[in-house]
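Structure, as structure tokens:
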Amino acid sequence: MKRGLLIIISGPSGVGKGTVRKYFETNSALNLAYSTSMTTRSPRNGEIDGKDYFFVSRETFLKAVDNGELLEYAEFVGNYYGTPLKEVNRLRDSGKNVLLEIEVQGAKQVQEKCPDAISIFIIPPSIEELEKRIRGRKSEAEEIVQQRLAKAEKEMKLMNQYKYIVCNDDPKLAANLIETIILRNIEIEQNR
């Protein structure tokens, strides 16, 4: 059995990564397994521990870093986010194509460790639209909104470090483009 692909999806906060993913994650032809990240932030309304994220204490997270248990990790607006390495390897070894939805800092770490990873950066149609989406959540203080917007501008400058760039003007269309990218890479890998 061939080892599964590693697929990175990044983009600024509020670009709609989760919304886009929901359109294609159940397509059985993609043979996807979503890698659940670990975070020290509190759950948002409706998020489920172990499904959306593994919500852990700062102490637990830093212990995982010290023990080399994370494929990548980053700190963002006062919270840590990271990808448990053991689970990624288990899924890939079982033939699943593993999807990582991660920040640009973490994506860079993964690309250094796994140069064969397929990297996709999702961009908003405009910075104004991105701000509208972030504010539309109504889940964060103004200071956090401003931090997210400032970080988004920095992240947008790094999109050229990704193999593919997809604009999320229409989530269904963006999802269709990502599906096509993944299917093409599966086909390439099968023909090796």
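In the structure tokens, chains take letters A, B, ... by order of appearance, with residues numbered from 1 within each chain and ligands from 1 in the order shown.
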
Residues flagged alpha helix (DSSP H) by DSSP in range 3-180 of chain A, as a ChimeraX atom specification:
/A:17-24,58-66,85-93,104-113,127-137,142-156,171-180

Compile a residue-level contact table for range 73-157 of chain A against range 19-40 of chain A at a cut-off of 6 Å, reporting for every qualifying residue the shortest atom pair and its distance in Å to one decimal, with only C-alpha atoms counted, rows ordered by chain and ascending number, as CSV.
residue,atom,partner,partner_atom,distance
A:Asn79,CA,A:Thr40,CA,5.4
A:Tyr80,CA,A:Thr40,CA,5.4
A:Tyr81,CA,A:Thr39,CA,4.4
A:Gly82,CA,A:Met38,CA,5.1
A:Thr83,CA,A:Ser37,CA,4.8
A:Lys96,CA,A:Asn31,CA,5.7
A:Asn97,CA,A:Leu32,CA,4.8
A:Val98,CA,A:Ala33,CA,4.9
A:Leu99,CA,A:Tyr34,CA,4.9
A:Leu100,CA,A:Ser35,CA,5.6

Would you compute the distance between CA of Gly106 in chain A and CA of Tyr73 in chain A? Give it in Å to one decimal.
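Those two atoms sit 5.4 Å apart.
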
Using only C-alpha atoms, find the one residue out of A:Lys51, A:Asp170, A:Ile118, A:Arg90 that sits nearest to Leu183 in chain A.
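Answer, going by the shortest atom-to-atom distance: A:Ile118.
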
Residue neighbourhood Glu101 in chain A, 7 Å, only C-alpha atoms, exclusion window fewer than 5 positions, as a PDB file with N, CA, C and O atoms, in the first residue's frame:
ATOM      1  N   ILE A   8      -1.385  20.406   2.709  1.00  0.00           N
ATOM      2  CA  ILE A   8      -1.426  21.578   3.586  1.00  0.00           C
ATOM      3  C   ILE A   8      -2.382  22.600   2.994  1.00  0.00           C
ATOM      4  O   ILE A   8      -2.280  22.948   1.820  1.00  0.00           O
ATOM      5  N   ILE A   9      -3.303  23.076   3.832  1.00  0.00           N
ATOM      6  CA  ILE A   9      -4.158  24.190   3.432  1.00  0.00           C
ATOM      7  C   ILE A   9      -3.926  25.306   4.443  1.00  0.00           C
ATOM      8  O   ILE A   9      -4.050  25.091   5.646  1.00  0.00           O
ATOM      9  N   SER A  10      -3.550  26.457   3.925  1.00  0.00           N
ATOM     10  CA  SER A  10      -3.324  27.631   4.765  1.00  0.00           C
ATOM     11  C   SER A  10      -4.039  28.822   4.162  1.00  0.00           C
ATOM     12  O   SER A  10      -4.505  28.775   3.026  1.00  0.00           O
TER      13      SER A  10
END
